2 protein chains.
Amino acid sequence: MSDHPETPVVPVEAFEPPYYVAVFTAVRTPDQSGYGETDARMEELVRNIPGYLGMDYAQSPGGLAITVGYFRDAEALTAWRTDIEHRAAQRRGRAEWYQRYSLHVAKVERSHGFVRAEAPQG
Amino acid sequence: MSDHPETPVVPVEAFEPPYYVAVFTAVRTPDQSGYGETDARMEELVRNIPGYLGMDYAQSPGGLAITVGYFRDAEALTAWRTDIEHRAAQRRGRAEWYQRYSLHVAKVERSHGFVRAEAPQG
């Protein structure tokens, strides 16, 4: 979820269905104290969930933040949803960091990827 | 998908499942000529699809762009996927605007929304 400007940005690939996406769309509050540390810790935790496939993140300046988490199956999602530290972070998010959010958990039925052919170097 | 900084940003709500999400994650090419006009036209077209529920969009500066479209049912998605103008725009996108992208089409099984209680004005 953190930006790493030194590495090229690559969206999470289109896997073979079925798999799950958790789409989290949020507007943040002005006070984001502590958010960065918690976000980094959550990223560390979710990577240890068996069946975790990846995460996409984008935020328009001053606007909407979208996080999409990808999971192999419902069990992986349940492990993440019920993680104790994750639940504590969610409570803190509602108390401090989020003005509003929506969460949509969905089973992928169809996927497709595109990568541009490399242009010849000239 | 255009930004309207004068209106407050609000994520698309969590509807009662089932409904569909189309998650499109993209890295753009440097040359975006014509993109804005086509994007505005696509937004106009998709709003006319029966069963279209809304669209969330975020782009990190210089980074990933995420678009999430929400649709009531598979028929609405099919109508949008097979729209002639939309298909032409997709071809142009692959030829000109996108470095790489992934598309994940998924049926929502669970959703949840949060809105912060208004703080008293003081």
# chains A, B, ... in the order shown; residues from 1 in each chain; ligands from 1
>>> interface_residues(of="chain B", to="chain A", cutoff="8 Å", atoms="only C-alpha atoms", output="PyMOL selection string")
chain B and resi 9-14+20-21+25-27+56-61+63-66+94+98-116
>>> write_last_selection(atoms="C-alpha atoms", output="mmCIF file, in the first residue's frame")
data_model
loop_
_atom_site.group_PDB
_atom_site.id
_atom_site.type_symbol
_atom_site.label_atom_id
_atom_site.label_comp_id
_atom_site.auth_asym_id
_atom_site.auth_seq_id
_atom_site.Cartn_x
_atom_site.Cartn_y
_atom_site.Cartn_z
ATOM 1 C CA VAL B 9 -15.627 12.664 -2.808
ATOM 2 C CA VAL B 10 -17.938 9.831 -1.809
ATOM 3 C CA PRO B 11 -17.219 6.167 -2.541
ATOM 4 C CA VAL B 12 -19.942 4.134 -4.222
ATOM 5 C CA GLU B 13 -22.053 2.599 -1.478
ATOM 6 C CA ALA B 14 -22.109 -1.037 -0.331
ATOM 7 C CA TYR B 20 -21.027 -7.333 -9.709
ATOM 8 C CA VAL B 21 -17.770 -5.406 -9.630
ATOM 9 C CA THR B 25 -6.097 -1.683 -12.668
ATOM 10 C CA ALA B 26 -3.871 0.085 -15.175
ATOM 11 C CA VAL B 27 -0.550 1.756 -15.798
ATOM 12 C CA ASP B 56 -15.095 4.527 -8.248
ATOM 13 C CA TYR B 57 -11.814 5.886 -9.545
ATOM 14 C CA ALA B 58 -8.436 6.682 -8.003
ATOM 15 C CA GLN B 59 -5.015 7.334 -9.476
ATOM 16 C CA SER B 60 -1.788 7.777 -7.589
ATOM 17 C CA PRO B 61 0.316 10.497 -9.232
ATOM 18 C CA GLY B 63 1.361 5.412 -10.517
ATOM 19 C CA LEU B 64 -1.472 2.946 -10.660
ATOM 20 C CA ALA B 65 -4.992 3.898 -11.812
ATOM 21 C CA ILE B 66 -7.851 1.828 -10.389
ATOM 22 C CA ARG B 94 -4.462 -1.148 -25.922
ATOM 23 C CA TYR B 98 -2.168 1.525 -21.541
ATOM 24 C CA GLN B 99 1.234 0.115 -20.676
ATOM 25 C CA ARG B 100 -0.411 -2.781 -18.871
ATOM 26 C CA TYR B 101 -3.670 -3.589 -17.153
ATOM 27 C CA SER B 102 -5.586 -6.303 -15.345
ATOM 28 C CA LEU B 103 -9.353 -6.773 -15.303
ATOM 29 C CA HIS B 104 -11.100 -8.786 -12.593
ATOM 30 C CA VAL B 105 -14.871 -9.322 -12.924
ATOM 31 C CA ALA B 106 -16.424 -10.617 -9.731
ATOM 32 C CA LYS B 107 -19.738 -11.302 -8.014
ATOM 33 C CA VAL B 108 -20.084 -9.567 -4.657
ATOM 34 C CA GLU B 109 -20.981 -11.924 -1.822
ATOM 35 C CA ARG B 110 -20.560 -9.578 1.143
ATOM 36 C CA SER B 111 -20.477 -5.814 1.535
ATOM 37 C CA HIS B 112 -20.222 -3.293 4.307
ATOM 38 C CA GLY B 113 -20.296 0.478 4.561
ATOM 39 C CA PHE B 114 -19.178 3.005 7.160
ATOM 40 C CA VAL B 115 -19.984 6.700 7.482
ATOM 41 C CA ARG B 116 -18.515 8.762 10.304
#
>>> select_by_dssp(residues="chain A", states="alpha helix (DSSP H)", output="NGL selection string")
:A and (35-46 or 74-81 or 84-92)
>>> calpha_fit_and_write(fixed="chain A", moving="chain B", output="CSV table (one decimal) with N, CA and C atoms, in the first residue's frame")
chain,number,residue,atom,x,y,z
B,1,MET,N,0.9,-1.2,0.2
B,1,MET,CA,0.1,0.0,0.1
B,1,MET,C,0.9,1.3,0.1
B,2,SER,N,2.1,1.2,0.6
B,2,SER,CA,3.0,2.3,0.5
B,2,SER,C,3.4,2.5,-0.9
B,3,ASP,N,3.8,3.7,-1.3
B,3,ASP,CA,4.3,3.9,-2.6
B,3,ASP,C,5.8,3.7,-2.6
B,4,HIS,N,6.3,3.0,-3.7
B,4,HIS,CA,7.7,2.8,-3.8
B,4,HIS,C,8.1,3.4,-5.2
B,5,PRO,N,8.3,4.7,-5.2
B,5,PRO,CA,8.5,5.3,-6.5
B,5,PRO,C,9.7,4.8,-7.3
B,6,GLU,N,10.6,4.2,-6.6
B,6,GLU,CA,11.9,3.7,-7.3
B,6,GLU,C,11.6,2.4,-8.1
B,7,THR,N,10.5,1.7,-7.8
B,7,THR,CA,10.2,0.5,-8.6
B,7,THR,C,9.1,0.8,-9.5
B,8,PRO,N,9.1,0.2,-10.7
B,8,PRO,CA,8.0,0.4,-11.7
B,8,PRO,C,6.7,-0.1,-11.1
B,9,VAL,N,5.6,0.6,-11.4
B,9,VAL,CA,4.3,0.2,-10.8
B,9,VAL,C,3.8,-0.9,-11.8
B,10,VAL,N,3.3,-2.0,-11.2
B,10,VAL,CA,2.8,-3.1,-11.9
B,10,VAL,C,1.5,-3.5,-11.2
B,11,PRO,N,0.3,-3.6,-11.9
B,11,PRO,CA,-0.9,-4.0,-11.3
B,11,PRO,C,-0.8,-5.5,-11.0
B,12,VAL,N,-1.4,-6.0,-9.9
B,12,VAL,CA,-1.5,-7.4,-9.6
B,12,VAL,C,-2.1,-8.1,-10.9
B,13,GLU,N,-1.6,-9.2,-11.2
B,13,GLU,CA,-2.0,-9.9,-12.4
B,13,GLU,C,-3.4,-10.5,-12.4
B,14,ALA,N,-3.9,-10.8,-13.5
B,14,ALA,CA,-5.2,-11.5,-13.7
B,14,ALA,C,-5.0,-13.0,-13.5
B,15,PHE,N,-5.4,-13.5,-12.3
B,15,PHE,CA,-5.2,-15.0,-12.0
B,15,PHE,C,-6.3,-15.8,-12.7
B,16,GLU,N,-6.1,-17.1,-12.7
B,16,GLU,CA,-7.1,-18.0,-13.2
B,16,GLU,C,-8.2,-18.1,-12.2
B,17,PRO,N,-9.5,-17.7,-12.6
B,17,PRO,CA,-10.6,-17.8,-11.6
B,17,PRO,C,-10.9,-19.3,-11.3
B,18,PRO,N,-11.5,-19.5,-10.1
B,18,PRO,CA,-12.0,-18.5,-9.2
B,18,PRO,C,-10.9,-18.0,-8.2
B,19,TYR,N,-11.0,-16.8,-7.8
B,19,TYR,CA,-10.3,-16.2,-6.6
B,19,TYR,C,-11.1,-15.1,-6.1
B,20,TYR,N,-10.7,-14.5,-5.0
B,20,TYR,CA,-11.5,-13.4,-4.4
B,20,TYR,C,-10.8,-12.1,-4.4
B,21,VAL,N,-11.6,-11.0,-4.5
B,21,VAL,CA,-11.1,-9.7,-4.4
B,21,VAL,C,-11.9,-9.0,-3.2
B,22,ALA,N,-11.2,-8.2,-2.5
B,22,ALA,CA,-11.8,-7.4,-1.4
B,22,ALA,C,-11.5,-5.9,-1.8
B,23,VAL,N,-12.5,-5.2,-2.3
B,23,VAL,CA,-12.4,-3.9,-2.8
B,23,VAL,C,-12.8,-2.9,-1.6
B,24,PHE,N,-11.8,-2.1,-1.2
B,24,PHE,CA,-12.0,-1.2,-0.1
B,24,PHE,C,-11.8,0.2,-0.6
B,25,THR,N,-12.9,1.0,-0.6
B,25,THR,CA,-12.9,2.4,-1.1
B,25,THR,C,-13.1,3.4,0.0
B,26,ALA,N,-12.2,4.3,0.2
B,26,ALA,CA,-12.3,5.1,1.4
B,26,ALA,C,-11.9,6.6,1.2
B,27,VAL,N,-12.6,7.4,2.0
B,27,VAL,CA,-12.2,8.8,2.1
B,27,VAL,C,-11.6,9.0,3.5
B,28,ARG,N,-10.4,9.6,3.6
B,28,ARG,CA,-9.7,9.7,4.9
B,28,ARG,C,-10.1,11.0,5.6
B,29,THR,N,-9.9,11.0,6.9
B,29,THR,CA,-10.0,12.2,7.7
B,29,THR,C,-8.8,13.0,7.6
B,30,PRO,N,-8.8,14.3,8.0
B,30,PRO,CA,-7.5,15.1,7.9
B,30,PRO,C,-6.4,14.5,8.8
B,31,ASP,N,-6.8,13.9,10.0
B,31,ASP,CA,-5.8,13.5,10.9
B,31,ASP,C,-5.4,12.0,10.6
B,32,GLN,N,-4.2,11.9,10.1
B,32,GLN,CA,-3.7,10.5,9.7
B,32,GLN,C,-2.6,10.1,10.6
B,33,SER,N,-2.5,10.6,11.9
B,33,SER,CA,-1.4,10.2,12.8
B,33,SER,C,-1.5,8.7,13.0
B,34,GLY,N,-0.4,8.1,12.9
B,34,GLY,CA,-0.3,6.7,13.2
B,34,GLY,C,-0.7,5.8,12.0
B,35,TYR,N,-1.3,6.4,11.0
B,35,TYR,CA,-1.8,5.5,9.9
B,35,TYR,C,-0.6,4.8,9.1
B,36,GLY,N,0.5,5.5,8.8
B,36,GLY,CA,1.6,4.9,8.1
B,36,GLY,C,2.1,3.7,8.7
B,37,GLU,N,2.4,3.8,10.0
B,37,GLU,CA,3.0,2.6,10.8
B,37,GLU,C,2.0,1.5,10.7
B,38,THR,N,0.7,1.7,11.0
B,38,THR,CA,-0.3,0.6,11.0
B,38,THR,C,-0.4,0.0,9.6
B,39,ASP,N,-0.4,0.9,8.6
B,39,ASP,CA,-0.5,0.4,7.2
B,39,ASP,C,0.7,-0.6,6.9
B,40,ALA,N,1.9,-0.1,7.3
B,40,ALA,CA,3.0,-1.0,7.0
B,40,ALA,C,2.9,-2.3,7.8
B,41,ARG,N,2.4,-2.3,9.0
B,41,ARG,CA,2.3,-3.5,9.8
B,41,ARG,C,1.2,-4.4,9.1
B,42,MET,N,0.1,-3.8,8.7
B,42,MET,CA,-0.9,-4.6,8.0
B,42,MET,C,-0.4,-5.3,6.8
B,43,GLU,N,0.4,-4.6,6.0
B,43,GLU,CA,1.0,-5.1,4.8
B,43,GLU,C,1.9,-6.3,5.1
B,44,GLU,N,2.6,-6.2,6.2
B,44,GLU,CA,3.5,-7.3,6.7
B,44,GLU,C,2.6,-8.5,7.1
B,45,LEU,N,1.6,-8.3,7.8
B,45,LEU,CA,0.7,-9.4,8.3
B,45,LEU,C,0.0,-10.1,7.1
B,46,VAL,N,-0.6,-9.3,6.2
B,46,VAL,CA,-1.4,-9.9,5.1
B,46,VAL,C,-0.5,-10.8,4.2
B,47,ARG,N,0.7,-10.4,4.1
B,47,ARG,CA,1.7,-11.2,3.3
B,47,ARG,C,1.9,-12.6,3.8
B,48,ASN,N,1.6,-12.8,5.1
B,48,ASN,CA,1.8,-14.1,5.8
B,48,ASN,C,0.5,-14.9,5.8
B,49,ILE,N,-0.6,-14.4,5.2
B,49,ILE,CA,-1.8,-15.2,5.1
B,49,ILE,C,-1.7,-16.2,4.0
B,50,PRO,N,-1.8,-17.5,4.3
B,50,PRO,CA,-1.8,-18.5,3.2
B,50,PRO,C,-2.9,-18.2,2.2
B,51,GLY,N,-2.6,-18.1,0.9
B,51,GLY,CA,-3.6,-17.8,-0.1
B,51,GLY,C,-3.7,-16.3,-0.4
B,52,TYR,N,-2.9,-15.5,0.3
B,52,TYR,CA,-2.9,-14.1,-0.1
B,52,TYR,C,-2.2,-14.0,-1.5
B,53,LEU,N,-2.7,-13.2,-2.4
B,53,LEU,CA,-2.2,-13.2,-3.8
B,53,LEU,C,-1.5,-11.8,-4.1
B,54,GLY,N,-2.0,-10.8,-3.4
B,54,GLY,CA,-1.4,-9.5,-3.8
B,54,GLY,C,-2.4,-8.3,-3.4
B,55,MET,N,-1.9,-7.1,-3.7
B,55,MET,CA,-2.7,-5.9,-3.3
B,55,MET,C,-2.4,-4.8,-4.3
B,56,ASP,N,-3.5,-4.1,-4.7
B,56,ASP,CA,-3.3,-2.9,-5.6
B,56,ASP,C,-3.8,-1.8,-4.7
B,57,TYR,N,-3.1,-0.6,-4.9
B,57,TYR,CA,-3.5,0.6,-4.2
B,57,TYR,C,-3.4,1.8,-5.1
B,58,ALA,N,-4.4,2.7,-5.0
B,58,ALA,CA,-4.2,4.0,-5.7
B,58,ALA,C,-5.0,5.0,-4.8
B,59,GLN,N,-4.4,6.2,-4.8
B,59,GLN,CA,-5.2,7.3,-4.1
B,59,GLN,C,-5.0,8.6,-5.0
B,60,SER,N,-6.1,9.2,-5.3
B,60,SER,CA,-6.1,10.5,-6.0
B,60,SER,C,-5.8,11.5,-4.9
B,61,PRO,N,-4.9,12.5,-5.3
B,61,PRO,CA,-4.6,13.5,-4.3
B,61,PRO,C,-5.8,14.2,-3.8
B,62,GLY,N,-6.0,14.2,-2.4
B,62,GLY,CA,-7.2,14.8,-1.8
B,62,GLY,C,-8.5,14.1,-2.1
B,63,GLY,N,-8.4,12.9,-2.7
B,63,GLY,CA,-9.7,12.2,-3.1
B,63,GLY,C,-9.8,10.8,-2.5
B,64,LEU,N,-10.3,10.0,-3.4
B,64,LEU,CA,-10.7,8.6,-3.0
B,64,LEU,C,-9.4,7.7,-2.9
B,65,ALA,N,-9.3,6.9,-2.0
B,65,ALA,CA,-8.3,5.8,-1.9
B,65,ALA,C,-8.9,4.5,-2.1
B,66,ILE,N,-8.4,3.7,-3.1
B,66,ILE,CA,-8.9,2.4,-3.4
B,66,ILE,C,-7.8,1.3,-3.1
B,67,THR,N,-8.2,0.4,-2.3
B,67,THR,CA,-7.3,-0.8,-2.0
B,67,THR,C,-8.0,-2.0,-2.5
B,68,VAL,N,-7.3,-2.9,-3.3
B,68,VAL,CA,-7.9,-4.1,-3.8
B,68,VAL,C,-7.0,-5.2,-3.3
B,69,GLY,N,-7.5,-6.1,-2.4
B,69,GLY,CA,-6.7,-7.3,-2.0
B,69,GLY,C,-7.2,-8.5,-2.8
B,70,TYR,N,-6.3,-9.4,-3.1
B,70,TYR,CA,-6.5,-10.6,-3.9
B,70,TYR,C,-6.2,-11.8,-3.1
B,71,PHE,N,-7.2,-12.7,-3.0
B,71,PHE,CA,-7.0,-13.9,-2.2
B,71,PHE,C,-7.4,-15.2,-3.0
B,72,ARG,N,-6.7,-16.3,-2.8
B,72,ARG,CA,-7.0,-17.5,-3.5
B,72,ARG,C,-8.4,-18.0,-3.2
B,73,ASP,N,-8.8,-18.0,-1.9
B,73,ASP,CA,-10.1,-18.6,-1.6
B,73,ASP,C,-10.7,-18.0,-0.4
B,74,ALA,N,-11.9,-18.4,0.0
B,74,ALA,CA,-12.7,-17.8,1.1
B,74,ALA,C,-11.9,-18.0,2.4
B,75,GLU,N,-11.2,-19.1,2.5
B,75,GLU,CA,-10.4,-19.4,3.8
B,75,GLU,C,-9.4,-18.3,4.0
B,76,ALA,N,-8.7,-17.9,3.0
B,76,ALA,CA,-7.7,-16.9,3.1
B,76,ALA,C,-8.3,-15.6,3.5
B,77,LEU,N,-9.4,-15.2,3.0
B,77,LEU,CA,-10.1,-14.0,3.3
B,77,LEU,C,-10.6,-14.1,4.8
B,78,THR,N,-11.1,-15.2,5.2
B,78,THR,CA,-11.5,-15.4,6.6
B,78,THR,C,-10.3,-15.2,7.6
B,79,ALA,N,-9.2,-15.8,7.2
B,79,ALA,CA,-8.0,-15.7,8.0
B,79,ALA,C,-7.6,-14.2,8.2
B,80,TRP,N,-7.7,-13.4,7.1
B,80,TRP,CA,-7.4,-12.0,7.2
B,80,TRP,C,-8.4,-11.2,7.9
B,81,ARG,N,-9.7,-11.5,7.7
B,81,ARG,CA,-10.7,-10.8,8.3
B,81,ARG,C,-10.7,-10.9,9.8
B,82,THR,N,-10.3,-12.1,10.3
B,82,THR,CA,-10.4,-12.4,11.7
B,82,THR,C,-9.1,-12.2,12.4
B,83,ASP,N,-8.1,-11.8,11.7
B,83,ASP,CA,-6.8,-11.5,12.4
B,83,ASP,C,-6.9,-10.5,13.5
B,84,ILE,N,-6.4,-10.8,14.6
B,84,ILE,CA,-6.6,-9.9,15.8
B,84,ILE,C,-6.1,-8.5,15.6
B,85,GLU,N,-4.8,-8.4,15.1
B,85,GLU,CA,-4.2,-7.1,14.9
B,85,GLU,C,-5.0,-6.3,13.8
B,86,HIS,N,-5.4,-7.1,12.8
B,86,HIS,CA,-6.2,-6.4,11.7
B,86,HIS,C,-7.5,-5.8,12.2
B,87,ARG,N,-8.2,-6.6,13.1
B,87,ARG,CA,-9.4,-6.1,13.7
B,87,ARG,C,-9.2,-4.9,14.5
B,88,ALA,N,-8.1,-4.9,15.3
B,88,ALA,CA,-7.8,-3.7,16.1
B,88,ALA,C,-7.5,-2.5,15.2
B,89,ALA,N,-6.8,-2.7,14.1
B,89,ALA,CA,-6.5,-1.6,13.1
B,89,ALA,C,-7.8,-1.1,12.5
B,90,GLN,N,-8.8,-2.0,12.2
B,90,GLN,CA,-10.1,-1.6,11.6
B,90,GLN,C,-10.8,-0.7,12.6
B,91,ARG,N,-10.8,-1.1,13.9
B,91,ARG,CA,-11.5,-0.2,14.9
B,91,ARG,C,-10.8,1.1,15.0
B,92,ARG,N,-9.5,1.2,15.0
B,92,ARG,CA,-8.8,2.5,15.0
B,92,ARG,C,-9.1,3.3,13.8
B,93,GLY,N,-9.2,2.6,12.6
B,93,GLY,CA,-9.6,3.3,11.4
B,93,GLY,C,-10.9,4.0,11.5
B,94,ARG,N,-11.9,3.3,12.0
B,94,ARG,CA,-13.2,3.9,12.1
B,94,ARG,C,-13.2,5.0,13.2
B,95,ALA,N,-12.4,4.9,14.2
B,95,ALA,CA,-12.3,5.9,15.2
B,95,ALA,C,-11.6,7.2,14.7
B,96,GLU,N,-10.5,7.0,13.9
B,96,GLU,CA,-9.6,8.1,13.6
B,96,GLU,C,-9.4,8.4,12.1
B,97,TRP,N,-9.2,7.4,11.3
B,97,TRP,CA,-8.7,7.6,10.0
B,97,TRP,C,-9.6,7.8,8.8
B,98,TYR,N,-10.8,7.2,9.0
B,98,TYR,CA,-11.8,7.2,7.8
B,98,TYR,C,-13.0,8.0,8.0
B,99,GLN,N,-13.3,8.8,7.0
B,99,GLN,CA,-14.5,9.6,7.0
B,99,GLN,C,-15.7,8.7,6.6
B,100,ARG,N,-15.4,7.9,5.5
B,100,ARG,CA,-16.4,6.9,5.1
B,100,ARG,C,-15.7,5.9,4.3
B,101,TYR,N,-16.2,4.7,4.2
B,101,TYR,CA,-15.7,3.7,3.3
B,101,TYR,C,-16.7,2.7,2.9
B,102,SER,N,-16.5,2.0,1.9
B,102,SER,CA,-17.3,0.8,1.5
B,102,SER,C,-16.3,-0.4,1.3
B,103,LEU,N,-16.8,-1.5,1.6
B,103,LEU,CA,-16.1,-2.8,1.4
B,103,LEU,C,-17.0,-3.7,0.5
B,104,HIS,N,-16.4,-4.2,-0.5
B,104,HIS,CA,-17.1,-5.2,-1.4
B,104,HIS,C,-16.2,-6.4,-1.5
B,105,VAL,N,-16.7,-7.5,-1.1
B,105,VAL,CA,-16.0,-8.8,-1.1
B,105,VAL,C,-16.6,-9.7,-2.2
B,106,ALA,N,-15.8,-10.1,-3.2
B,106,ALA,CA,-16.4,-10.7,-4.4
B,106,ALA,C,-15.6,-11.8,-4.9
B,107,LYS,N,-16.3,-12.8,-5.5
B,107,LYS,CA,-15.6,-14.0,-6.1
B,107,LYS,C,-15.4,-13.7,-7.6
B,108,VAL,N,-14.2,-13.8,-8.1
B,108,VAL,CA,-13.8,-13.5,-9.5
B,108,VAL,C,-14.3,-14.6,-10.4
B,109,GLU,N,-15.0,-14.2,-11.4
B,109,GLU,CA,-15.5,-15.2,-12.4
B,109,GLU,C,-14.8,-15.1,-13.7
B,110,ARG,N,-14.2,-14.0,-14.0
B,110,ARG,CA,-13.6,-13.8,-15.3
B,110,ARG,C,-12.5,-12.8,-15.1
B,111,SER,N,-11.3,-13.0,-15.7
B,111,SER,CA,-10.2,-12.1,-15.6
B,111,SER,C,-9.4,-12.0,-16.9
B,112,HIS,N,-8.7,-10.9,-17.1
B,112,HIS,CA,-8.0,-10.7,-18.3
B,112,HIS,C,-6.9,-9.7,-18.1
B,113,GLY,N,-5.7,-10.0,-18.7
B,113,GLY,CA,-4.6,-9.1,-18.5
B,113,GLY,C,-4.0,-8.7,-19.8
B,114,PHE,N,-3.4,-7.5,-19.8
B,114,PHE,CA,-2.8,-7.0,-21.0
B,114,PHE,C,-1.4,-6.4,-20.7
B,115,VAL,N,-0.4,-6.7,-21.5
B,115,VAL,CA,0.9,-6.1,-21.3
B,115,VAL,C,1.4,-5.7,-22.7
B,116,ARG,N,1.7,-4.4,-22.8
B,116,ARG,CA,2.2,-3.8,-24.1
B,116,ARG,C,3.5,-4.5,-24.5
B,117,ALA,N,3.6,-4.8,-25.8
B,117,ALA,CA,4.9,-5.3,-26.3
B,117,ALA,C,5.9,-4.2,-26.2
B,118,GLU,N,7.1,-4.6,-25.8
B,118,GLU,CA,8.2,-3.6,-25.7
B,118,GLU,C,8.5,-2.9,-27.0
B,119,ALA,N,8.5,-1.6,-27.0
B,119,ALA,CA,9.0,-0.9,-28.2
B,119,ALA,C,10.5,-1.1,-28.4
B,120,PRO,N,10.9,-1.2,-29.6
B,120,PRO,CA,12.4,-1.3,-29.9
B,120,PRO,C,13.1,-0.1,-29.3
B,121,GLN,N,14.2,-0.3,-28.7
B,121,GLN,CA,15.0,0.9,-28.2
B,121,GLN,C,15.7,1.5,-29.4
B,122,GLY,N,15.6,2.8,-29.5
B,122,GLY,CA,16.3,3.4,-30.7
B,122,GLY,C,16.7,4.8,-30.3
